[in-house]
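Structure file structure23.csv (CSV, C-alpha atoms and all ligand atoms) follows.
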chain,number,residue,atom,x,y,z
V,13,MET,CA,83.9,95.4,96.0
V,14,ASP,CA,83.3,92.7,98.6
V,15,ALA,CA,86.9,92.7,99.8
V,16,THR,CA,90.4,94.0,99.0
V,17,LEU,CA,93.3,91.6,100.0
V,18,LYS,CA,96.9,92.4,100.4
V,19,ILE,CA,99.1,89.4,99.5
V,20,GLY,CA,102.2,89.7,101.7
V,21,GLY,CA,105.6,89.5,100.1
V,22,SER,CA,106.6,87.3,103.1
V,23,LEU,CA,104.5,84.5,101.5
V,24,ALA,CA,107.0,84.1,98.6
V,25,GLU,CA,109.4,82.4,101.0
V,26,GLU,CA,107.4,79.2,100.7
V,27,PRO,CA,106.6,78.6,97.0
V,28,GLU,CA,104.2,75.7,97.3
V,29,ARG,CA,102.1,77.4,99.9
V,30,LEU,CA,102.0,80.6,97.9
V,31,ARG,CA,100.9,78.7,94.8
V,32,ALA,CA,98.2,77.0,96.8
V,33,LEU,CA,97.0,80.4,98.1
V,34,CYS,CA,97.0,81.9,94.6
V,35,ARG,CA,95.1,79.0,93.2
V,36,GLU,CA,92.5,79.4,95.9
V,37,LEU,CA,92.2,83.2,95.3
V,38,GLY,CA,91.6,82.5,91.6
V,39,GLU,CA,88.8,80.1,92.6
V,40,ILE,CA,87.3,82.5,95.2
V,41,ALA,CA,87.2,85.3,92.5
V,42,LYS,CA,84.8,83.3,90.5
V,43,ASN,CA,82.0,84.1,93.0
V,44,HIS,CA,83.3,86.9,95.2
V,45,ARG,CA,84.1,90.4,94.1
V,46,ILE,CA,87.6,90.7,95.4
V,47,THR,CA,90.8,92.6,94.4
V,48,ALA,CA,94.3,91.7,95.3
V,49,VAL,CA,97.0,94.2,96.0
V,50,PRO,CA,100.6,93.0,96.1
V,51,GLY,CA,103.0,93.5,99.1
V,52,GLY,CA,106.5,94.7,98.5
V,53,GLY,CA,108.4,91.6,99.7
V,54,ARG,CA,112.1,91.3,98.8
V,55,PHE,CA,111.8,94.0,96.1
V,56,ALA,CA,111.0,96.5,98.8
V,57,ASP,CA,113.7,95.2,101.1
V,58,VAL,CA,116.2,96.1,98.3
V,59,VAL,CA,114.9,99.7,98.4
V,60,ARG,CA,115.2,99.8,102.2
V,61,GLU,CA,118.8,98.7,102.0
V,62,LEU,CA,119.6,101.3,99.3
V,63,ASP,CA,117.9,104.0,101.4
V,64,GLU,CA,120.0,103.0,104.5
V,65,ARG,CA,123.2,103.1,102.5
V,66,PHE,CA,122.5,106.2,100.3
V,67,HIS,CA,119.9,108.2,102.3
V,68,LEU,CA,117.6,108.5,99.4
V,69,HIS,CA,115.2,111.5,99.1
V,70,ASP,CA,111.9,110.5,100.7
V,71,ASN,CA,110.0,110.8,97.4
V,72,VAL,CA,112.5,108.5,95.7
V,73,ALA,CA,112.4,105.8,98.3
V,74,HIS,CA,108.6,106.0,98.5
V,75,ASN,CA,108.1,105.7,94.7
V,76,MET,CA,110.7,103.0,94.4
V,77,ALA,CA,109.0,101.0,97.2
V,78,ILE,CA,105.6,101.3,95.4
V,79,LEU,CA,107.3,100.1,92.2
V,80,ALA,CA,108.4,97.1,94.3
V,81,MET,CA,104.7,96.3,94.8
V,82,ASP,CA,104.1,96.4,91.0
V,83,GLN,CA,106.9,93.9,90.5
V,84,TYR,CA,105.5,91.5,93.1
V,85,GLY,CA,102.1,91.9,91.5
V,86,MET,CA,103.3,90.9,88.1
V,87,PHE,CA,104.9,87.9,89.6
V,88,LEU,CA,101.7,87.0,91.6
V,89,SER,CA,99.6,87.3,88.4
V,90,SER,CA,102.0,84.9,86.6
V,91,ILE,CA,101.3,82.2,89.2
V,92,THR,CA,97.6,82.9,89.7
V,93,PRO,CA,95.2,81.2,87.2
V,94,GLY,CA,92.3,83.5,86.3
V,95,SER,CA,94.0,86.7,87.4
V,96,ARG,CA,94.7,89.9,85.4
V,97,THR,CA,96.9,92.8,86.4
V,98,THR,CA,95.4,96.3,86.2
V,99,CYS,CA,96.6,99.8,87.1
V,100,THR,CA,93.2,101.3,87.7
V,101,LEU,CA,90.2,101.0,90.1
V,102,ASP,CA,87.9,100.7,87.1
V,103,GLY,CA,90.0,97.9,85.6
V,104,ALA,CA,89.8,96.1,89.0
V,105,ARG,CA,86.0,96.5,89.0
V,106,ARG,CA,85.7,95.2,85.4
V,107,HIS,CA,87.8,92.1,86.0
V,108,SER,CA,86.0,91.2,89.2
V,109,GLU,CA,82.6,91.6,87.6
V,110,VAL,CA,83.4,88.7,85.2
V,111,GLY,CA,84.9,86.4,87.9
V,112,LEU,CA,88.6,87.2,87.3
V,113,LEU,CA,91.0,88.1,90.1
V,114,PRO,CA,92.2,91.7,89.5
V,115,ILE,CA,95.8,92.3,90.8
V,116,LEU,CA,96.1,96.0,91.2
V,117,LEU,CA,99.6,97.4,90.4
V,118,PRO,CA,99.4,100.5,92.5
V,119,SER,CA,102.3,102.7,91.2
V,120,ARG,CA,100.3,104.6,88.6
V,121,MET,CA,97.4,105.6,90.8
V,122,MET,CA,99.5,106.3,93.8
V,123,SER,CA,101.9,108.6,91.9
V,124,ARG,CA,98.9,110.5,90.5
V,125,ALA,CA,96.9,110.8,93.7
V,126,ASP,CA,99.9,110.8,96.1
V,127,PRO,CA,97.5,110.6,99.2
V,128,LEU,CA,99.9,109.2,101.8
V,129,PRO,CA,103.1,110.4,103.6
V,130,HIS,CA,106.4,109.4,102.1
V,131,SER,CA,107.7,107.5,105.1
V,132,TRP,CA,108.6,103.9,105.9
V,133,GLU,CA,105.6,103.9,108.3
V,134,VAL,CA,103.5,103.6,105.2
V,135,THR,CA,104.0,100.3,103.5
V,136,SER,CA,101.8,98.0,101.4
V,137,ASP,CA,99.4,97.6,104.3
V,138,SER,CA,98.4,101.2,104.4
V,139,ILE,CA,98.4,101.5,100.6
V,140,THR,CA,96.1,98.5,100.4
V,141,ALA,CA,93.8,100.1,103.1
V,142,TYR,CA,93.7,103.3,101.0
V,143,ILE,CA,92.8,101.3,97.9
V,144,ALA,CA,90.2,99.3,99.7
V,145,GLY,CA,88.6,102.7,100.7
V,146,GLU,CA,88.7,103.9,97.1
V,147,LEU,CA,87.1,100.7,95.9
V,148,GLY,CA,84.4,100.9,98.5
V,149,SER,CA,85.3,97.5,99.9
V,150,GLU,CA,83.4,96.1,102.8
V,151,LYS,CA,86.4,94.0,104.0
V,152,LEU,CA,90.2,94.5,104.1
V,153,LEU,CA,92.3,91.3,104.5
V,154,LEU,CA,96.0,91.7,105.2
V,155,VAL,CA,97.3,88.3,104.2
V,156,THR,CA,100.7,87.5,105.7
V,157,ASP,CA,102.9,84.6,106.9
V,158,VAL,CA,101.8,84.6,110.6
V,159,ASP,CA,98.4,84.1,112.2
V,160,GLY,CA,97.7,87.8,112.8
V,161,VAL,CA,98.9,90.5,115.2
V,162,TYR,CA,100.7,89.1,118.3
V,163,THR,CA,101.8,90.6,121.6
V,164,GLY,CA,105.4,90.4,120.2
V,165,ASP,CA,107.2,89.1,117.1
V,166,PRO,CA,106.1,85.4,117.1
V,167,LYS,CA,109.3,84.5,115.1
V,168,ASN,CA,111.6,85.7,117.9
V,169,ASP,CA,109.5,85.6,121.0
V,170,PRO,CA,108.0,82.2,122.0
V,171,ALA,CA,105.8,83.8,124.6
V,172,ALA,CA,104.1,86.1,122.1
V,173,GLU,CA,100.3,85.5,121.9
V,174,LEU,CA,97.9,86.0,119.1
V,175,ILE,CA,95.6,89.0,119.7
V,176,GLU,CA,92.2,87.8,118.3
V,177,GLU,CA,90.6,91.2,118.4
V,178,ILE,CA,92.1,94.7,118.7
V,179,SER,CA,90.6,98.1,118.4
V,180,VAL,CA,92.0,100.6,116.0
V,181,ALA,CA,92.8,102.8,119.0
V,182,ASP,CA,94.8,100.0,120.7
V,183,LEU,CA,96.6,99.2,117.5
V,184,SER,CA,97.5,102.8,117.1
V,185,LYS,CA,98.8,103.0,120.8
V,186,ARG,CA,101.3,100.2,120.1
V,187,GLY,CA,103.1,102.7,117.9
V,188,VAL,CA,105.5,100.0,116.5
V,189,ARG,CA,105.2,97.8,113.4
V,190,THR,CA,103.7,94.4,114.1
V,191,SER,CA,102.7,92.2,111.2
V,192,VAL,CA,101.1,95.4,109.9
V,193,ASP,CA,102.6,98.9,109.4
V,194,VAL,CA,102.4,101.8,111.8
V,195,TYR,CA,100.3,104.0,109.6
V,196,LEU,CA,97.5,101.5,109.0
V,197,SER,CA,95.4,102.5,112.0
V,198,LYS,CA,95.3,106.1,110.8
V,199,ILE,CA,93.6,105.0,107.5
V,200,ILE,CA,91.2,102.4,108.9
V,201,SER,CA,90.0,104.8,111.6
V,202,LYS,CA,88.7,107.1,108.7
V,203,ALA,CA,87.2,104.3,106.6
V,204,THR,CA,84.3,101.9,107.5
V,205,LEU,CA,86.3,98.8,106.8
V,206,ASP,CA,86.1,95.4,108.4
V,207,CYS,CA,89.8,94.6,108.7
V,208,TYR,CA,91.5,91.2,109.3
V,209,VAL,CA,95.1,90.1,109.5
V,210,VAL,CA,95.3,86.4,108.4
V,211,ASN,CA,97.8,83.7,107.6
V,212,GLY,CA,97.9,83.0,103.9
V,213,ARG,CA,99.8,79.8,104.5
V,214,TYR,CA,96.3,78.5,105.3
V,215,PRO,CA,94.2,79.5,102.3
V,216,GLU,CA,91.0,78.1,103.9
V,217,ARG,CA,91.2,80.9,106.5
V,218,VAL,CA,91.1,83.5,103.8
V,219,ARG,CA,88.1,81.9,102.2
V,220,ALA,CA,86.4,81.6,105.6
V,221,ILE,CA,86.6,85.3,106.3
V,222,LEU,CA,85.2,86.0,102.8
V,223,ASP,CA,82.3,83.6,103.7
V,224,ASN,CA,81.6,85.6,106.9
V,225,GLU,CA,83.2,83.1,109.2
V,226,LEU,CA,85.8,83.9,111.8
V,227,PRO,CA,88.8,81.6,111.6
V,228,ARG,CA,92.1,82.0,113.5
V,229,CYS,CA,93.2,85.6,112.7
V,230,THR,CA,93.3,89.1,114.2
V,231,ARG,CA,90.2,91.3,113.6
V,232,ILE,CA,90.7,95.0,113.9
V,233,ARG,CA,87.6,96.8,114.9
V,234,ASP,CA,86.6,100.4,115.4
I,301,LIG,N1,103.8,91.9,117.0
I,301,LIG,C1,103.9,91.1,115.9
I,301,LIG,N2,102.9,90.3,115.5
I,301,LIG,C2,102.9,89.6,114.4
I,301,LIG,N3,104.0,89.6,113.5
I,301,LIG,C3,105.1,90.4,113.9
I,301,LIG,C4,105.0,91.2,115.0
I,301,LIG,N4,106.2,91.9,115.1
I,301,LIG,C5,106.9,91.5,114.0
I,301,LIG,N5,106.2,90.6,113.3
I,301,LIG,C6,106.7,90.0,112.0
I,301,LIG,O1,106.0,90.6,110.9
I,301,LIG,C7,106.1,89.6,109.9
I,301,LIG,C8,105.0,89.9,108.8
I,301,LIG,O2,105.2,91.2,108.3
I,301,LIG,P1,106.1,91.5,107.0
I,301,LIG,O3,106.0,92.9,106.7
I,301,LIG,O4,107.5,90.9,107.2
I,301,LIG,O5,105.4,90.6,105.9
I,301,LIG,P2,104.2,90.9,104.9
I,301,LIG,O6,103.5,92.2,105.3
I,301,LIG,O7,103.5,89.7,104.7
I,301,LIG,O8,105.1,91.2,103.6
I,301,LIG,P3,105.3,92.6,102.8
I,301,LIG,O9,105.4,93.7,103.8
I,301,LIG,O10,106.6,92.3,102.1
I,301,LIG,O11,104.2,92.7,101.9
I,301,LIG,C9,105.9,88.3,110.5
I,301,LIG,O12,106.6,87.3,109.8
I,301,LIG,C10,106.6,88.5,111.9
I,301,LIG,O13,107.8,87.9,112.0
I,302,MG,MG,104.6,94.0,105.6
Could you write out this file's structure as structure tokens?
Ligand SMILES: Nc1ncnc2c1ncn2[C@@H]1O[C@H](COP(=O)(O)OP(=O)(O)OP(=O)(O)O)[C@@H](O)[C@H]1O
Ligand SMILES: [Mg+2]
Amino acid sequence: MDATLKIGGSLAEEPERLRALCRELGEIAKNHRITAVPGGGRFADVVRELDERFHLHDNVAHNMAILAMDQYGMFLSSITPGSRTTCTLDGARRHSEVGLLPILLPSRMMSRADPLPHSWEVTSDSITAYIAGELGSEKLLLVTDVDGVYTGDPKNDPAAELIEEISVADLSKRGVRTSVDVYLSKIISKATLDCYVVNGRYPERVRAILDNELPRCTRIRD
């Protein structure tokens, strides 16, 4: 696989921009071998709220949060021309071979393999990095609603600056969630993945990375 992309749930807040991104991904899939993995978005937020109120068992919260990704994936497929949902790595490979965009619904494979800790440090970012490794992807793109990883939350801190390049070790040292989850650095340090955090509100940046250019984004290197 050329690349595995996580489509952030945050992008659903702006319908026209998400539709434009999905149209572009459908086009890109015609001549790049790519797989999309859904984020959890508001579906996962509901699980987080229930967990806060009811203190769910870790396994239950983890499995429910991954089912949230399946739900967002079904929705994404419905607005993405030329896409197909699949539950398997082979299905993803088959669809991408014929120029379709596979949208991998992860719950089935994740419950069978169960490779990651059951904690909120693991979210769709880490799950997508794991899947990218299983697919043998060269690139991992975490597509979200801000330009990349900043020195602080750009939505609350006007002084926050974009970090254009960060090592896995430095990302790991931050120890707090940024636009990506805390566990991600542990997975990408094991894999040989070229990893980018990029703003999906600008679909041309996503295409640029897949065409081996370097647009405004954060690159995470070894
Ligand atoms: N240091 C930081 N750098 C960049 N963004 C940050 C940082 N700290 C917090 N954020 C917030 O992270 C958000 C993106 O992550 P978030 O998990 O909300 O979305 P997502 O990963 O696209 O969606 P989902 O997790 O639902 O798939 C940004 O909108 C931003 O407000
Ligand atoms: Mg997220």
Let me have all residues with an atom within 7 Å of ligand LIG 301 (chain I), counting only C-alpha atoms and all ligand atoms, laid out as a PDB file with C-alpha atoms, keeping the file's coordinate frame.
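out-v3.pdb was written with the following content:
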ATOM      1  CA  ILE V  19      99.100  89.400  99.500  1.00  0.00           C
ATOM      2  CA  GLY V  20     102.200  89.700 101.700  1.00  0.00           C
ATOM      3  CA  GLY V  21     105.600  89.500 100.100  1.00  0.00           C
ATOM      4  CA  SER V  22     106.600  87.300 103.100  1.00  0.00           C
ATOM      5  CA  LEU V  23     104.500  84.500 101.500  1.00  0.00           C
ATOM      6  CA  PRO V  50     100.600  93.000  96.100  1.00  0.00           C
ATOM      7  CA  GLY V  51     103.000  93.500  99.100  1.00  0.00           C
ATOM      8  CA  GLY V  52     106.500  94.700  98.500  1.00  0.00           C
ATOM      9  CA  GLY V  53     108.400  91.600  99.700  1.00  0.00           C
ATOM     10  CA  ARG V  54     112.100  91.300  98.800  1.00  0.00           C
ATOM     11  CA  ALA V  56     111.000  96.500  98.800  1.00  0.00           C
ATOM     12  CA  THR V 135     104.000 100.300 103.500  1.00  0.00           C
ATOM     13  CA  SER V 136     101.800  98.000 101.400  1.00  0.00           C
ATOM     14  CA  ASP V 137      99.400  97.600 104.300  1.00  0.00           C
ATOM     15  CA  VAL V 155      97.300  88.300 104.200  1.00  0.00           C
ATOM     16  CA  THR V 156     100.700  87.500 105.700  1.00  0.00           C
ATOM     17  CA  ASP V 157     102.900  84.600 106.900  1.00  0.00           C
ATOM     18  CA  VAL V 158     101.800  84.600 110.600  1.00  0.00           C
ATOM     19  CA  GLY V 160      97.700  87.800 112.800  1.00  0.00           C
ATOM     20  CA  VAL V 161      98.900  90.500 115.200  1.00  0.00           C
ATOM     21  CA  TYR V 162     100.700  89.100 118.300  1.00  0.00           C
ATOM     22  CA  THR V 163     101.800  90.600 121.600  1.00  0.00           C
ATOM     23  CA  GLY V 164     105.400  90.400 120.200  1.00  0.00           C
ATOM     24  CA  ASP V 165     107.200  89.100 117.100  1.00  0.00           C
ATOM     25  CA  PRO V 166     106.100  85.400 117.100  1.00  0.00           C
ATOM     26  CA  LYS V 167     109.300  84.500 115.100  1.00  0.00           C
ATOM     27  CA  ARG V 189     105.200  97.800 113.400  1.00  0.00           C
ATOM     28  CA  THR V 190     103.700  94.400 114.100  1.00  0.00           C
ATOM     29  CA  SER V 191     102.700  92.200 111.200  1.00  0.00           C
ATOM     30  CA  VAL V 192     101.100  95.400 109.900  1.00  0.00           C
TER      31      VAL V 192
END
Any idea what's packed within 6 Å of region 110-120 of chain V, counting all atoms listed in the file, ignoring anything in its chain fewer than 2 positions away? Could you give it as a list in words?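 Selected residues are Gly38, Ala41, Lys42, Thr47, Ala48, Val49, Ile78, Leu79, Asp82, Gly94, Ser95, Arg96, Thr97, Thr98, Cys99, Ala104, His107, Ser108, Met122 and Ser123 of chain V.
Rounded to one decimal, CA of Asp234 (chain V) and CA of Pro215 (chain V) lie 25.8 Å from each other.
In this comparison, which uses only C-alpha atoms and all ligand atoms, the residue of V:Phe87, V:Phe66, V:Trp132, V:Tyr142 approaching ligand MG 302 (chain I) most closely is V:Trp132.
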What does the distance from CA of Gly103 (chain V) to CA of Met121 (chain V) come to in Å, to one decimal?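 The value is 11.9 Å.
The environment of Leu222 (chain V) within 10 Å, counting all atoms listed in the file and disregarding residues fewer than 5 places along the same chain, consists of Asp14, Ala15, Ile40, His44, Arg45, Ile46, Lys151, Leu152, Leu153, Glu216 and Arg217 of chain V.
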Suppose you want the space between CA of Thr92 (chain V) and CA of Pro27 (chain V); what is it in Å?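 About the pair CA of Thr92 (chain V) and CA of Pro27 (chain V): they are 12.4 Å apart.
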Closest to His74 (chain V) among V:Glu25, V:Glu133, V:Asp206, V:Glu39, using all atoms listed in the file?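 Nearest to His74 (chain V): V:Glu133.
Shortest atom-to-atom contact with Met13 (chain V) among V:Glu150, V:Asp126, V:Asp159, V:Asp169: V:Glu150, counting all atoms listed in the file.
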Shortest interatomic distance to ligand MG 302 (chain I) - which of V:Leu128, V:Val134, V:Ile232, V:Ala144, counting all atoms listed in the file: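 Ranking V:Leu128, V:Val134, V:Ile232, V:Ala144 by distance to ligand MG 302 (chain I), first place goes to V:Val134.
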Residue among V:Arg231, V:Lys18, V:Arg186, V:Arg105 lying closest to ligand MG 302 (chain I), counting only C-alpha atoms and all ligand atoms: V:Lys18
Can I get region 192-226 of chain V with N, CA and C atoms filled in, as an mmCIF file, keeping the file's coordinate frame?
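The result, written out as rebuild_6.cif:
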data_model
loop_
_atom_site.group_PDB
_atom_site.id
_atom_site.type_symbol
_atom_site.label_atom_id
_atom_site.label_comp_id
_atom_site.auth_asym_id
_atom_site.auth_seq_id
_atom_site.Cartn_x
_atom_site.Cartn_y
_atom_site.Cartn_z
ATOM 1 N N VAL V 192 101.642 94.358 110.756
ATOM 2 C CA VAL V 192 101.100 95.400 109.900
ATOM 3 C C VAL V 192 101.885 96.719 110.184
ATOM 4 N N ASP V 193 101.824 97.651 109.241
ATOM 5 C CA ASP V 193 102.600 98.900 109.400
ATOM 6 C C ASP V 193 102.004 99.852 110.386
ATOM 7 N N VAL V 194 102.792 100.839 110.763
ATOM 8 C CA VAL V 194 102.400 101.800 111.800
ATOM 9 C C VAL V 194 101.294 102.727 111.377
ATOM 10 N N TYR V 195 101.248 103.025 110.081
ATOM 11 C CA TYR V 195 100.300 104.000 109.600
ATOM 12 C C TYR V 195 98.882 103.478 109.424
ATOM 13 N N LEU V 196 98.772 102.143 109.338
ATOM 14 C CA LEU V 196 97.500 101.500 109.000
ATOM 15 C C LEU V 196 96.318 102.019 109.844
ATOM 16 N N SER V 197 96.551 102.123 111.162
ATOM 17 C CA SER V 197 95.400 102.500 112.000
ATOM 18 C C SER V 197 94.874 103.869 111.678
ATOM 19 N N LYS V 198 95.735 104.754 111.162
ATOM 20 C CA LYS V 198 95.300 106.100 110.800
ATOM 21 C C LYS V 198 94.273 105.998 109.619
ATOM 22 N N ILE V 199 94.509 105.068 108.703
ATOM 23 C CA ILE V 199 93.600 105.000 107.500
ATOM 24 C C ILE V 199 92.337 104.265 107.883
ATOM 25 N N ILE V 200 92.440 103.167 108.636
ATOM 26 C CA ILE V 200 91.200 102.400 108.900
ATOM 27 C C ILE V 200 90.303 103.134 109.891
ATOM 28 N N SER V 201 90.853 104.065 110.658
ATOM 29 C CA SER V 201 90.000 104.800 111.600
ATOM 30 C C SER V 201 89.067 105.750 110.758
ATOM 31 N N LYS V 202 89.514 106.133 109.568
ATOM 32 C CA LYS V 202 88.700 107.100 108.700
ATOM 33 C C LYS V 202 87.697 106.287 107.886
ATOM 34 N N ALA V 203 88.023 105.053 107.528
ATOM 35 C CA ALA V 203 87.200 104.300 106.600
ATOM 36 C C ALA V 203 86.229 103.386 107.433
ATOM 37 N N THR V 204 85.174 102.922 106.807
ATOM 38 C CA THR V 204 84.300 101.900 107.500
ATOM 39 C C THR V 204 84.666 100.570 106.921
ATOM 40 N N LEU V 205 85.806 100.050 107.363
ATOM 41 C CA LEU V 205 86.300 98.800 106.800
ATOM 42 C C LEU V 205 86.372 97.747 107.902
ATOM 43 N N ASP V 206 85.931 96.558 107.551
ATOM 44 C CA ASP V 206 86.100 95.400 108.400
ATOM 45 C C ASP V 206 87.424 94.814 108.117
ATOM 46 N N CYS V 207 88.365 94.873 109.070
ATOM 47 C CA CYS V 207 89.800 94.600 108.700
ATOM 48 C C CYS V 207 90.290 93.331 109.464
ATOM 49 N N TYR V 208 90.980 92.473 108.739
ATOM 50 C CA TYR V 208 91.500 91.200 109.300
ATOM 51 C C TYR V 208 92.967 91.059 108.900
ATOM 52 N N VAL V 209 93.766 90.506 109.811
ATOM 53 C CA VAL V 209 95.100 90.100 109.500
ATOM 54 C C VAL V 209 95.098 88.561 109.569
ATOM 55 N N VAL V 210 95.496 87.890 108.502
ATOM 56 C CA VAL V 210 95.300 86.400 108.400
ATOM 57 C C VAL V 210 96.462 85.756 107.761
ATOM 58 N N ASN V 211 96.664 84.494 108.139
ATOM 59 C CA ASN V 211 97.800 83.700 107.600
ATOM 60 C C ASN V 211 97.492 83.086 106.291
ATOM 61 N N GLY V 212 98.178 83.548 105.247
ATOM 62 C CA GLY V 212 97.900 83.000 103.900
ATOM 63 C C GLY V 212 98.533 81.658 103.656
ATOM 64 N N ARG V 213 99.284 81.151 104.658
ATOM 65 C CA ARG V 213 99.800 79.800 104.500
ATOM 66 C C ARG V 213 98.646 78.783 104.698
ATOM 67 N N TYR V 214 97.507 79.301 105.154
ATOM 68 C CA TYR V 214 96.300 78.500 105.300
ATOM 69 C C TYR V 214 95.179 79.141 104.477
ATOM 70 N N PRO V 215 95.129 78.849 103.173
ATOM 71 C CA PRO V 215 94.200 79.500 102.300
ATOM 72 C C PRO V 215 92.723 79.389 102.751
ATOM 73 N N GLU V 216 92.414 78.295 103.454
ATOM 74 C CA GLU V 216 91.000 78.100 103.900
ATOM 75 C C GLU V 216 90.602 79.182 104.897
ATOM 76 N N ARG V 217 91.568 79.773 105.605
ATOM 77 C CA ARG V 217 91.200 80.900 106.500
ATOM 78 C C ARG V 217 90.792 82.105 105.765
ATOM 79 N N VAL V 218 91.467 82.342 104.655
ATOM 80 C CA VAL V 218 91.100 83.500 103.800
ATOM 81 C C VAL V 218 89.722 83.325 103.277
ATOM 82 N N ARG V 219 89.448 82.124 102.778
ATOM 83 C CA ARG V 219 88.100 81.900 102.200
ATOM 84 C C ARG V 219 87.058 82.004 103.349
ATOM 85 N N ALA V 220 87.386 81.496 104.545
ATOM 86 C CA ALA V 220 86.400 81.600 105.600
ATOM 87 C C ALA V 220 86.006 83.001 105.944
ATOM 88 N N ILE V 221 86.972 83.900 105.984
ATOM 89 C CA ILE V 221 86.600 85.300 106.300
ATOM 90 C C ILE V 221 85.712 85.851 105.188
ATOM 91 N N LEU V 222 86.005 85.506 103.941
ATOM 92 C CA LEU V 222 85.200 86.000 102.800
ATOM 93 C C LEU V 222 83.768 85.401 102.887
ATOM 94 N N ASP V 223 83.656 84.222 103.523
ATOM 95 C CA ASP V 223 82.300 83.600 103.700
ATOM 96 C C ASP V 223 81.702 83.970 105.031
ATOM 97 N N ASN V 224 82.180 85.064 105.626
ATOM 98 C CA ASN V 224 81.600 85.600 106.900
ATOM 99 C C ASN V 224 81.779 84.693 108.075
ATOM 100 N N GLU V 225 82.827 83.846 108.046
ATOM 101 C CA GLU V 225 83.200 83.100 109.200
ATOM 102 C C GLU V 225 84.343 83.754 109.929
ATOM 103 N N LEU V 226 84.674 83.294 111.129
ATOM 104 C CA LEU V 226 85.800 83.900 111.800
ATOM 105 C C LEU V 226 86.819 82.823 112.197
#
